[in-house]
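Q: This is query-v6.txt, which holds compact mmCIF, C-alpha atoms:
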```txt
# COMPACT_ATOMS: atom_id res chain seq x y z
CA MET A 1 -15.30 42.56 -6.77
CA SER A 2 -12.43 41.99 -4.46
CA GLY A 3 -9.53 39.72 -5.35
CA GLY A 4 -7.00 37.92 -3.19
CA LEU A 5 -7.44 34.64 -1.35
CA LYS A 6 -6.93 34.82 2.40
CA SER A 7 -6.23 31.18 3.17
CA GLN A 8 -5.57 27.83 1.58
CA ARG A 9 -9.11 26.54 2.30
CA LEU A 10 -10.29 26.70 -1.29
CA ILE A 11 -13.14 24.18 -1.31
CA LEU A 12 -16.03 26.01 0.33
CA HIS A 13 -19.43 25.23 1.76
CA GLY A 14 -22.18 27.44 3.17
CA ARG A 15 -24.43 30.08 1.67
CA PRO A 16 -23.52 33.56 0.45
CA ARG A 17 -24.10 36.41 2.89
CA PHE A 18 -26.10 39.52 1.90
CA SER A 19 -26.07 43.08 3.18
CA ILE A 20 -28.42 45.93 2.24
CA ASP A 21 -27.22 49.50 2.75
CA GLY A 22 -24.38 48.11 4.86
CA ALA A 23 -26.57 46.05 7.22
CA ASP A 24 -26.57 42.23 7.24
CA GLU A 25 -29.86 40.69 6.10
CA VAL A 26 -30.07 37.16 7.45
CA ARG A 27 -33.49 36.60 5.84
CA LEU A 28 -31.96 36.97 2.39
CA ASN A 29 -29.26 34.44 3.25
CA GLU A 30 -31.90 31.91 4.28
CA ASP A 31 -34.35 32.58 1.42
CA LEU A 32 -31.78 32.52 -1.39
CA ILE A 33 -32.58 29.96 -4.11
CA ARG A 34 -29.93 30.78 -6.69
CA LEU A 35 -27.37 33.47 -7.40
CA GLU A 36 -25.15 34.53 -10.28
CA VAL A 37 -22.52 37.29 -10.27
CA ARG A 38 -20.72 38.17 -13.52
CA ALA A 39 -17.78 40.46 -14.24
CA ASP A 40 -15.43 41.07 -17.15
CA GLU A 41 -12.89 43.69 -18.20
CA GLU A 42 -15.20 46.23 -19.84
CA THR A 43 -18.81 45.98 -18.64
CA PRO A 44 -20.40 46.77 -15.27
CA ALA A 45 -20.35 43.84 -12.86
CA CYS A 46 -23.88 42.48 -12.48
CA LEU A 47 -25.82 40.26 -10.11
CA GLU A 48 -28.98 38.20 -10.44
CA ALA A 49 -30.44 36.58 -7.33
CA VAL A 50 -33.69 34.66 -6.83
CA PHE A 51 -35.30 34.39 -3.38
CA LYS A 52 -38.30 32.62 -1.90
CA ASN A 53 -41.13 35.19 -1.71
CA TRP A 54 -43.93 33.51 0.24
CA GLY A 55 -44.23 32.69 3.92
CA GLN A 56 -44.41 34.25 7.37
CA SER A 57 -42.28 37.36 7.72
CA ARG A 58 -42.75 37.15 11.51
CA ALA A 59 -43.96 34.41 13.83
CA GLY A 60 -47.73 34.48 14.12
CA ASN A 61 -48.30 36.42 10.90
CA GLU A 62 -50.44 35.07 8.09
CA PRO A 63 -48.43 33.79 5.08
CA ASN A 64 -47.92 36.55 2.53
CA TYR A 65 -45.42 37.93 0.05
CA LEU A 66 -42.15 38.39 1.94
CA TYR A 67 -40.38 41.10 -0.04
CA PHE A 68 -43.05 43.35 -1.56
CA ASP A 69 -43.09 45.84 1.34
CA ASN A 70 -39.86 47.68 0.33
CA GLU A 71 -38.44 47.11 3.80
CA ILE A 72 -35.46 45.11 2.50
CA LEU A 73 -35.50 44.90 -1.30
CA GLU A 74 -36.09 48.23 -3.01
CA LEU A 75 -34.88 49.79 -6.24
CA GLY A 76 -31.76 51.89 -5.73
CA ARG A 77 -30.62 50.31 -2.48
CA SER A 78 -26.99 49.28 -2.09
CA LEU A 79 -26.48 45.53 -2.12
CA SER A 80 -23.35 43.54 -1.29
CA VAL A 81 -22.79 39.79 -1.40
CA PHE A 82 -20.01 37.88 0.34
CA GLY A 83 -18.90 34.30 -0.29
CA GLY A 84 -16.77 31.88 1.68
CA GLU A 85 -16.38 31.25 5.37
CA GLY A 86 -14.28 32.77 8.15
CA ASP A 87 -10.93 34.07 6.99
CA ASN A 88 -11.71 32.92 3.44
CA GLU A 89 -14.68 35.26 3.01
CA ALA A 90 -14.47 37.68 0.08
CA THR A 91 -16.76 40.20 -1.61
CA LEU A 92 -18.51 38.68 -4.62
CA PHE A 93 -20.42 41.83 -5.59
CA SER A 94 -21.12 45.39 -4.51
CA GLY A 95 -23.58 47.64 -6.34
CA GLN A 96 -27.16 48.91 -6.44
CA ILE A 97 -30.48 47.20 -7.12
CA THR A 98 -31.73 48.17 -10.58
CA ALA A 99 -34.54 45.66 -11.26
CA ILE A 100 -37.05 43.63 -9.23
CA GLU A 101 -39.17 40.90 -10.81
CA GLY A 102 -42.01 38.82 -9.38
CA ILE A 103 -42.04 35.15 -10.41
CA TYR A 104 -45.23 33.10 -10.02
CA PRO A 105 -44.54 29.45 -10.99
CA GLU A 106 -47.30 26.89 -11.48
CA SER A 107 -45.92 24.23 -9.16
CA ARG A 108 -44.00 26.06 -6.41
CA ALA A 109 -44.22 29.10 -4.17
CA PRO A 110 -43.77 32.64 -5.57
CA GLU A 111 -40.24 33.92 -5.97
CA ILE A 112 -38.60 37.31 -6.43
CA ARG A 113 -35.70 38.02 -8.77
CA VAL A 114 -33.35 40.91 -8.00
CA CYS A 115 -30.88 42.36 -10.51
CA ALA A 116 -28.10 44.75 -9.56
CA GLU A 117 -25.12 46.40 -11.23
CA ASP A 118 -22.06 48.19 -9.95
CA ARG A 119 -21.64 51.95 -10.27
CA LEU A 120 -20.28 51.80 -13.83
CA GLN A 121 -23.94 51.55 -14.86
CA TRP A 122 -24.37 55.30 -14.31
CA LEU A 123 -21.58 55.98 -16.81
CA ARG A 124 -23.46 53.85 -19.34
CA MET A 125 -26.64 55.89 -18.84
CA THR A 126 -24.95 59.27 -19.42
CA GLN A 127 -24.42 60.26 -23.06
CA ARG A 128 -22.62 63.42 -24.20
CA SER A 129 -20.90 65.28 -27.00
CA ARG A 130 -17.94 67.39 -25.89
CA LEU A 131 -14.31 68.26 -26.52
CA PHE A 132 -11.36 67.43 -24.28
CA GLU A 133 -8.39 69.72 -24.86
CA ASP A 134 -4.76 69.17 -23.83
CA ALA A 135 -5.71 66.12 -21.75
CA SER A 136 -4.18 62.69 -21.22
CA ASP A 137 -6.29 59.54 -21.02
CA ARG A 138 -5.73 59.57 -17.27
CA ASP A 139 -7.09 63.14 -17.13
CA ILE A 140 -10.14 62.09 -19.14
CA ALA A 141 -10.84 59.16 -16.80
CA GLN A 142 -10.55 61.50 -13.81
CA ARG A 143 -13.01 63.93 -15.43
CA LEU A 144 -15.53 61.16 -16.13
CA ALA A 145 -15.29 59.96 -12.53
CA ASP A 146 -15.80 63.48 -11.19
CA ASP A 147 -18.87 63.99 -13.40
CA ALA A 148 -20.36 60.71 -12.11
CA GLY A 149 -19.67 61.54 -8.47
CA LEU A 150 -17.05 58.79 -8.14
CA ARG A 151 -13.55 58.88 -6.78
CA ALA A 152 -10.88 57.84 -9.27
CA ASP A 153 -7.79 55.67 -9.10
CA SER A 154 -6.40 56.63 -12.48
CA GLU A 155 -2.92 55.28 -13.13
CA ALA A 156 -3.02 54.10 -16.76
CA GLU A 157 -0.59 56.21 -18.76
CA GLY A 158 -1.28 57.50 -22.25
CA PRO A 159 -0.27 60.25 -24.65
CA GLN A 160 -1.35 63.86 -24.26
CA HIS A 161 -4.22 64.71 -26.61
CA VAL A 162 -4.33 68.19 -28.10
CA GLU A 163 -8.01 67.58 -28.85
CA LEU A 164 -10.20 64.52 -28.28
CA LEU A 165 -13.87 64.44 -29.25
CA GLN A 166 -16.68 62.62 -27.50
CA VAL A 167 -19.51 62.54 -30.04
CA ASN A 168 -22.95 61.22 -29.01
CA GLN A 169 -21.16 58.65 -26.88
CA SER A 170 -21.88 57.33 -23.41
CA GLU A 171 -19.35 57.99 -20.67
CA LEU A 172 -18.78 54.24 -20.34
CA ASP A 173 -18.16 53.79 -24.08
CA LEU A 174 -15.62 56.61 -24.01
CA LEU A 175 -13.92 55.10 -20.96
CA ARG A 176 -13.73 51.70 -22.66
CA GLU A 177 -12.29 53.31 -25.78
CA ARG A 178 -9.57 55.10 -23.84
CA ALA A 179 -8.78 51.98 -21.79
CA ARG A 180 -8.35 49.93 -24.96
CA ALA A 181 -6.13 52.63 -26.48
CA VAL A 182 -3.68 52.64 -23.54
CA ASP A 183 -3.90 48.96 -22.61
CA GLY A 184 -5.78 49.71 -19.41
CA ARG A 185 -8.68 48.13 -17.57
CA ILE A 186 -11.66 49.68 -15.84
CA ALA A 187 -13.60 48.58 -12.77
CA ASP A 188 -15.68 49.90 -9.90
CA GLU A 189 -14.30 49.09 -6.46
CA GLU A 190 -16.52 50.31 -3.63
CA GLY A 191 -17.32 53.57 -5.41
CA VAL A 192 -13.81 54.11 -6.77
CA LEU A 193 -13.38 54.13 -10.55
CA LEU A 194 -10.27 52.12 -11.42
CA PHE A 195 -8.46 53.08 -14.63
CA ARG A 196 -5.26 51.12 -14.33
CA PRO A 197 -2.64 49.47 -16.53
CA ARG A 198 -3.90 46.02 -17.41
CA ARG A 199 -0.86 44.17 -16.05
CA ASP A 200 0.03 46.10 -12.90
CA GLU A 201 -1.43 43.55 -10.48
CA PRO A 202 1.33 42.77 -7.92
CA ALA A 203 -0.39 39.83 -6.19
CA GLU A 204 0.98 36.33 -6.51
CA PRO A 205 -1.01 34.00 -8.80
CA VAL A 206 -3.63 31.78 -7.17
CA LEU A 207 -2.69 28.10 -7.40
CA LEU A 208 -5.45 25.92 -8.88
CA THR A 209 -5.10 22.17 -9.30
CA ARG A 210 -7.34 19.40 -10.62
CA GLN A 211 -6.50 17.38 -7.51
CA ASN A 212 -8.86 19.47 -5.39
CA GLU A 213 -10.68 22.73 -6.22
CA LEU A 214 -10.36 22.86 -10.05
CA LEU A 215 -13.35 20.82 -11.24
CA ASN A 216 -12.79 21.09 -14.99
CA VAL A 217 -10.92 23.24 -17.49
CA THR A 218 -10.48 23.44 -21.26
CA VAL A 219 -7.50 25.18 -22.85
CA CYS A 220 -7.11 26.17 -26.52
CA ALA A 221 -4.11 27.55 -28.42
CA ASP A 222 -5.34 29.31 -31.59
CA LEU A 223 -3.33 31.29 -34.16
CA ALA A 224 -6.40 32.81 -35.85
CA HIS A 225 -6.03 36.25 -34.25
CA GLN A 226 -2.23 36.43 -34.18
CA ARG A 227 -0.23 38.85 -36.35
CA SER A 228 3.53 39.24 -36.71
CA GLU A 229 3.32 43.02 -36.54
CA VAL A 230 0.85 45.87 -36.10
CA ARG A 231 1.45 49.09 -38.03
CA VAL A 232 -0.31 52.38 -37.34
CA HIS A 233 -0.42 55.24 -39.85
CA GLY A 234 -1.50 58.84 -39.46
CA TRP A 235 -0.67 62.48 -40.08
CA SER A 236 0.89 65.03 -37.75
CA VAL A 237 -0.72 68.41 -38.33
CA ALA A 238 1.85 70.11 -36.09
CA GLU A 239 4.83 68.68 -37.95
CA LYS A 240 3.09 68.41 -41.35
CA ALA A 241 4.48 64.91 -41.80
CA ALA A 242 3.20 61.36 -42.11
CA ILE A 243 3.24 59.10 -39.05
CA HIS A 244 4.25 55.45 -39.32
CA GLU A 245 4.81 53.38 -36.17
CA SER A 246 4.83 49.64 -35.56
CA ALA A 247 5.03 46.99 -32.84
CA GLY A 248 6.12 43.36 -33.07
CA VAL A 249 7.29 40.44 -31.01
CA ASP A 250 9.21 42.55 -28.47
CA ALA A 251 6.00 44.26 -27.34
CA ALA A 252 4.41 40.88 -26.59
CA ARG A 253 7.44 39.33 -24.90
CA VAL A 254 7.25 41.60 -21.83
CA GLU A 255 4.02 39.80 -20.83
CA ALA A 256 5.28 36.22 -21.30
CA ASP A 257 4.81 34.88 -17.76
CA ASN A 258 5.74 31.29 -18.59
CA ASN A 259 8.92 31.56 -20.71
CA GLY A 260 7.19 29.67 -23.51
CA ARG A 261 6.90 30.27 -27.25
CA LEU A 262 4.85 33.31 -28.21
CA GLY A 263 1.98 32.85 -30.64
CA VAL A 264 3.47 35.74 -32.64
CA GLU A 265 6.73 33.80 -33.01
CA ILE A 266 5.03 30.56 -34.00
CA LEU A 267 2.93 32.36 -36.61
CA ASP A 268 6.00 34.03 -38.10
CA GLU A 269 7.71 30.64 -38.45
CA ILE A 270 4.69 29.19 -40.27
CA GLN A 271 3.84 32.22 -42.42
CA SER A 272 5.98 35.33 -42.09
CA GLY A 273 4.98 38.90 -42.86
CA LEU A 274 1.36 38.77 -41.66
CA SER A 275 0.74 42.29 -40.34
CA GLU A 276 -2.27 44.38 -39.36
CA GLU A 277 -2.41 47.85 -40.93
CA LEU A 278 -4.36 50.56 -39.05
CA HIS A 279 -5.23 53.66 -41.10
CA LEU A 280 -8.46 54.93 -39.50
CA GLU A 281 -7.35 55.59 -35.91
CA ALA A 282 -5.97 59.05 -36.85
CA PRO A 283 -3.17 59.41 -34.27
CA ALA A 284 -2.01 63.01 -33.93
CA THR A 285 1.53 62.20 -32.77
CA ALA A 286 4.11 59.45 -33.21
CA GLU A 287 3.84 58.73 -29.47
CA GLU A 288 0.11 58.09 -29.79
CA ALA A 289 0.63 55.89 -32.86
CA LEU A 290 3.28 53.78 -31.13
CA LYS A 291 1.07 53.28 -28.08
CA LEU A 292 -1.80 52.18 -30.32
CA ALA A 293 0.43 49.72 -32.17
CA GLU A 294 1.83 48.20 -28.97
CA THR A 295 -1.60 47.95 -27.36
CA ARG A 296 -3.20 46.27 -30.37
CA LEU A 297 -0.31 43.82 -30.73
CA LYS A 298 -0.49 42.89 -27.03
CA ARG A 299 -4.26 42.41 -27.16
CA ARG A 300 -3.90 40.05 -30.10
CA ALA A 301 -0.98 38.19 -28.53
CA ARG A 302 -2.87 37.55 -25.27
CA ARG A 303 -5.67 35.79 -27.09
CA PHE A 304 -3.30 33.07 -28.29
CA ILE A 305 -4.20 30.70 -25.44
CA THR A 306 -7.54 30.76 -23.64
CA ALA A 307 -8.49 28.71 -20.58
CA ARG A 308 -12.09 28.25 -19.41
CA GLY A 309 -12.53 26.56 -16.07
CA VAL A 310 -14.78 25.89 -13.07
CA THR A 311 -13.74 25.63 -9.43
CA ALA A 312 -15.58 24.33 -6.38
CA GLY A 313 -16.10 27.88 -5.15
CA THR A 314 -13.18 30.34 -5.07
CA PRO A 315 -14.73 33.62 -3.86
CA GLY A 316 -11.45 35.54 -3.87
CA LEU A 317 -11.04 35.26 -7.65
CA SER A 318 -11.80 38.42 -9.62
CA VAL A 319 -11.05 39.96 -13.00
CA GLY A 320 -7.41 41.06 -13.21
CA ASP A 321 -6.14 38.27 -10.97
CA ARG A 322 -3.69 35.64 -12.18
CA VAL A 323 -4.11 31.90 -11.67
CA ASP A 324 -1.46 29.20 -11.87
CA LEU A 325 -2.94 26.06 -13.46
CA VAL A 326 -0.39 23.46 -12.47
CA ASP A 327 -1.28 19.93 -13.59
CA LEU A 328 -2.27 20.39 -17.25
CA GLY A 329 0.91 19.02 -18.81
CA ASP A 330 3.95 20.94 -20.06
CA LEU A 331 2.07 22.47 -23.00
CA PHE A 332 -0.70 24.25 -21.09
CA ALA A 333 0.35 24.40 -17.41
CA GLY A 334 1.25 27.92 -16.36
CA ILE A 335 0.02 31.37 -15.37
CA TYR A 336 -3.16 32.82 -16.87
CA TYR A 337 -4.59 36.34 -16.56
CA LEU A 338 -8.33 36.40 -15.76
CA THR A 339 -10.54 38.39 -18.14
CA ALA A 340 -13.95 37.18 -16.91
CA VAL A 341 -15.22 35.65 -13.66
CA ARG A 342 -18.66 34.30 -12.75
CA HIS A 343 -19.67 33.16 -9.26
CA SER A 344 -22.83 31.06 -8.98
CA PHE A 345 -24.79 29.45 -6.16
CA ASP A 346 -27.71 27.04 -6.17
CA MET A 347 -29.23 24.46 -3.85
CA ARG A 348 -27.63 21.51 -5.66
CA ASP A 349 -24.00 22.54 -6.26
CA GLY A 350 -23.48 25.29 -3.71
CA LEU A 351 -20.89 27.89 -4.68
CA ARG A 352 -19.11 27.54 -8.03
CA THR A 353 -16.63 29.88 -9.70
CA TRP A 354 -16.29 30.04 -13.50
CA PHE A 355 -13.37 31.85 -15.09
CA VAL A 356 -11.82 32.76 -18.44
CA GLY A 357 -8.05 33.28 -18.52
CA GLU A 358 -5.56 34.05 -21.25
CA ARG A 359 -1.81 33.94 -21.91
CA ASN A 360 0.42 34.70 -24.87
CA ASP A 361 2.95 31.86 -24.73
CA LEU A 362 2.82 28.09 -25.17
CA GLY A 363 4.76 25.63 -23.02
CA GLY A 364 7.76 26.79 -21.03
CA ARG A 365 7.07 24.76 -17.90
CA SER A 366 8.79 21.45 -17.29
```
Could I get this structure in the form of structure tokens?
A:
Amino acid sequence: MSGGLKSQRLILHGRPRFSIDGADEVRLNEDLIRLEVRADEETPACLEAVFKNWGQSRAGNEPNYLYFDNEILELGRSLSVFGGEGDNEATLFSGQITAIEGIYPESRAPEIRVCAEDRLQWLRMTQRSRLFEDASDRDIAQRLADDAGLRADSEAEGPQHVELLQVNQSELDLLRERARAVDGRIADEEGVLLFRPRRDEPAEPVLLTRQNELLNVTVCADLAHQRSEVRVHGWSVAEKAAIHESAGVDAARVEADNNGRLGVEILDEIQSGLSEELHLEAPATAEEALKLAETRLKRRARRFITARGVTAGTPGLSVGDRVDLVDLGDLFAGIYYLTAVRHSFDMRDGLRTWFVGERNDLGGRS
């Protein structure tokens, strides 16, 4: 999915536009009944679309099934969907068709449901056991991309592993594991495997307001998953010494976009000394242990405040973008990082965009 809004026209009308193998398919645009595109930080982006499947494919023809001839919809074909109009058009989805389903309702014409996923699906279907030697997490991501026939944009930094085992594990599960370990995110972007630092997005946040495109939003601040400190323990075989590393409030503060109070700080004021102890991760070096501690602390800290909202169709929003929710009061107004985005279309509401965002600090905006 492609982020970045191209204009200030945020409330959108019109139907999504489809292309198959790079060619526009106007029939699909016209026959679309409903559409849903979902994406999050760790799983392949997926699409489900339902089309009318009965009528005349050409003038003068007898009515028949429209999409059972494999001329347009066929398993394995590349499918892209675009939303918005004019300079506000953005890619909602790009992937391959993986399932086709016939629907035969009692009281209306036959329909066809198409499901598609992006290219991360092939990593999920490949399972291996192997050993990576003297490789960083970036090297491992590059290797996985090469094996899957993808190009790689691998920028997430991590420690150098003397040995790292992949045991009866899918390529996607291994990639998720390494992304979590180095605080990275993964995505497929037009056949390029992204393995990037989670917070390296340079784009300005997208302004959303309840006065126009933001239809509804709920925001919750919750201390349940917060900890004052994360400690990681291990053993260095090379140095024959125990490893003890930790991360606390300073690790979380670098991501405080709103100059508010961190959940970690608030928790420590209420009940100090609540730490998470990690003994099973088996870091081989102090560098690896410190990275694990910082990453785990940041992941916990980000979950302090969660926003779930719906807009009147914002096709440029994608996972990894930031949104600025402005008129929610001093406590909750501010910048949120998007961890999940869903675009939907139906005949009643048109295009809608659903999002989940998170931040680690409360207040800070006056």
Q: Dump as a ChimeraX atom specification all residues having an atom at most 9 Å from (7.6, 39.3, -29.5), computed in the file's coordinates with only C-alpha atoms.
A: /A:228,247-254,262-265,301
Q: Considering only C-alpha atoms, return as a CSV table (one decimal) with C-alpha atoms, keeping the file's coordinate frame whatever protein or nucleic-acid residues lie within 7 Å of stretch 14-16 of chain A, sequence-local ones (same chain, fewer than 5 positions apart) excluded.
A:
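Listed below is the output, part-v8.csv:
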```csv
chain,number,residue,atom,x,y,z
A,29,ASN,CA,-29.3,34.4,3.2
A,81,VAL,CA,-22.8,39.8,-1.4
A,82,PHE,CA,-20.0,37.9,0.3
A,83,GLY,CA,-18.9,34.3,-0.3
```
Q: How many Å separate atom CA of A:Val37 from atom CA of A:Leu92?
A: 7.1 Å
Q: Which is closer to A:Glu204 than all the others in A:Asp257, A:Glu30, A:Glu111, A:Asp321, using only C-alpha atoms?
A: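 Distance minimum relative to A:Glu204 lands on A:Asp321.
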Q: Between A:Phe345, A:Trp235, A:Phe18, A:Phe132, which has the minimum distance to A:Leu35 (counting all atoms listed in the file)?
A: A:Phe345
Q: Can you tell me, as a count of residues only, what residues are no more than 12 Å from A:Leu280 when counting only C-alpha atoms, ignoring any on the same chain fewer than 5 positions away?
A: 7
Q: Could I get stretch 58-79 of chain A rebuilt with N, CA and C atoms, written as an mmCIF file, in the frame of the given file?
A:
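Below is the file selection.cif, written as the result:
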```cif
data_model
loop_
_atom_site.group_PDB
_atom_site.id
_atom_site.type_symbol
_atom_site.label_atom_id
_atom_site.label_comp_id
_atom_site.auth_asym_id
_atom_site.auth_seq_id
_atom_site.Cartn_x
_atom_site.Cartn_y
_atom_site.Cartn_z
ATOM 1 N N ARG A 58 -42.944 37.200 10.055
ATOM 2 C CA ARG A 58 -42.750 37.150 11.510
ATOM 3 C C ARG A 58 -43.621 36.032 12.077
ATOM 4 N N ALA A 59 -43.188 35.476 13.187
ATOM 5 C CA ALA A 59 -43.960 34.410 13.830
ATOM 6 C C ALA A 59 -45.354 34.908 14.169
ATOM 7 N N GLY A 60 -46.358 34.115 13.827
ATOM 8 C CA GLY A 60 -47.730 34.480 14.120
ATOM 9 C C GLY A 60 -48.433 35.216 13.007
ATOM 10 N N ASN A 61 -47.691 35.727 12.030
ATOM 11 C CA ASN A 61 -48.300 36.420 10.900
ATOM 12 C C ASN A 61 -48.894 35.426 9.913
ATOM 13 N N GLU A 62 -49.894 35.877 9.172
ATOM 14 C CA GLU A 62 -50.440 35.070 8.090
ATOM 15 C C GLU A 62 -49.409 34.997 6.956
ATOM 16 N N PRO A 63 -49.335 33.865 6.234
ATOM 17 C CA PRO A 63 -48.430 33.790 5.080
ATOM 18 C C PRO A 63 -48.765 34.873 4.059
ATOM 19 N N ASN A 64 -47.726 35.457 3.497
ATOM 20 C CA ASN A 64 -47.920 36.550 2.530
ATOM 21 C C ASN A 64 -46.631 36.688 1.729
ATOM 22 N N TYR A 65 -46.645 37.632 0.790
ATOM 23 C CA TYR A 65 -45.420 37.930 0.050
ATOM 24 C C TYR A 65 -44.390 38.526 1.016
ATOM 25 N N LEU A 66 -43.169 38.025 0.950
ATOM 26 C CA LEU A 66 -42.150 38.390 1.940
ATOM 27 C C LEU A 66 -41.425 39.686 1.616
ATOM 28 N N TYR A 67 -41.288 40.007 0.333
ATOM 29 C CA TYR A 67 -40.380 41.100 -0.040
ATOM 30 C C TYR A 67 -41.045 42.160 -0.915
ATOM 31 N N PHE A 68 -42.365 42.323 -0.776
ATOM 32 C CA PHE A 68 -43.050 43.350 -1.560
ATOM 33 C C PHE A 68 -43.353 44.597 -0.728
ATOM 34 N N ASP A 69 -42.787 44.691 0.475
ATOM 35 C CA ASP A 69 -43.090 45.840 1.340
ATOM 36 C C ASP A 69 -42.007 46.911 1.302
ATOM 37 N N ASN A 70 -40.969 46.718 0.461
ATOM 38 C CA ASN A 70 -39.860 47.680 0.330
ATOM 39 C C ASN A 70 -39.054 47.865 1.607
ATOM 40 N N GLU A 71 -39.226 46.986 2.584
ATOM 41 C CA GLU A 71 -38.440 47.110 3.800
ATOM 42 C C GLU A 71 -37.000 46.641 3.601
ATOM 43 N N ILE A 72 -36.806 45.651 2.738
ATOM 44 C CA ILE A 72 -35.460 45.110 2.500
ATOM 45 C C ILE A 72 -35.043 45.320 1.053
ATOM 46 N N LEU A 73 -35.832 44.801 0.127
ATOM 47 C CA LEU A 73 -35.500 44.900 -1.300
ATOM 48 C C LEU A 73 -36.245 46.053 -1.928
ATOM 49 N N GLU A 74 -35.494 47.037 -2.408
ATOM 50 C CA GLU A 74 -36.090 48.230 -3.010
ATOM 51 C C GLU A 74 -35.138 48.756 -4.077
ATOM 52 N N LEU A 75 -35.697 49.243 -5.168
ATOM 53 C CA LEU A 75 -34.880 49.790 -6.240
ATOM 54 C C LEU A 75 -33.976 50.908 -5.720
ATOM 55 N N GLY A 76 -32.716 50.855 -6.104
ATOM 56 C CA GLY A 76 -31.760 51.890 -5.730
ATOM 57 C C GLY A 76 -30.969 51.606 -4.475
ATOM 58 N N ARG A 77 -31.368 50.606 -3.699
ATOM 59 C CA ARG A 77 -30.620 50.310 -2.480
ATOM 60 C C ARG A 77 -29.276 49.651 -2.799
ATOM 61 N N SER A 78 -28.304 49.907 -1.936
ATOM 62 C CA SER A 78 -26.990 49.280 -2.090
ATOM 63 C C SER A 78 -27.066 47.831 -1.629
ATOM 64 N N LEU A 79 -26.458 46.952 -2.412
ATOM 65 C CA LEU A 79 -26.480 45.530 -2.120
ATOM 66 C C LEU A 79 -25.077 44.965 -2.251
#
```
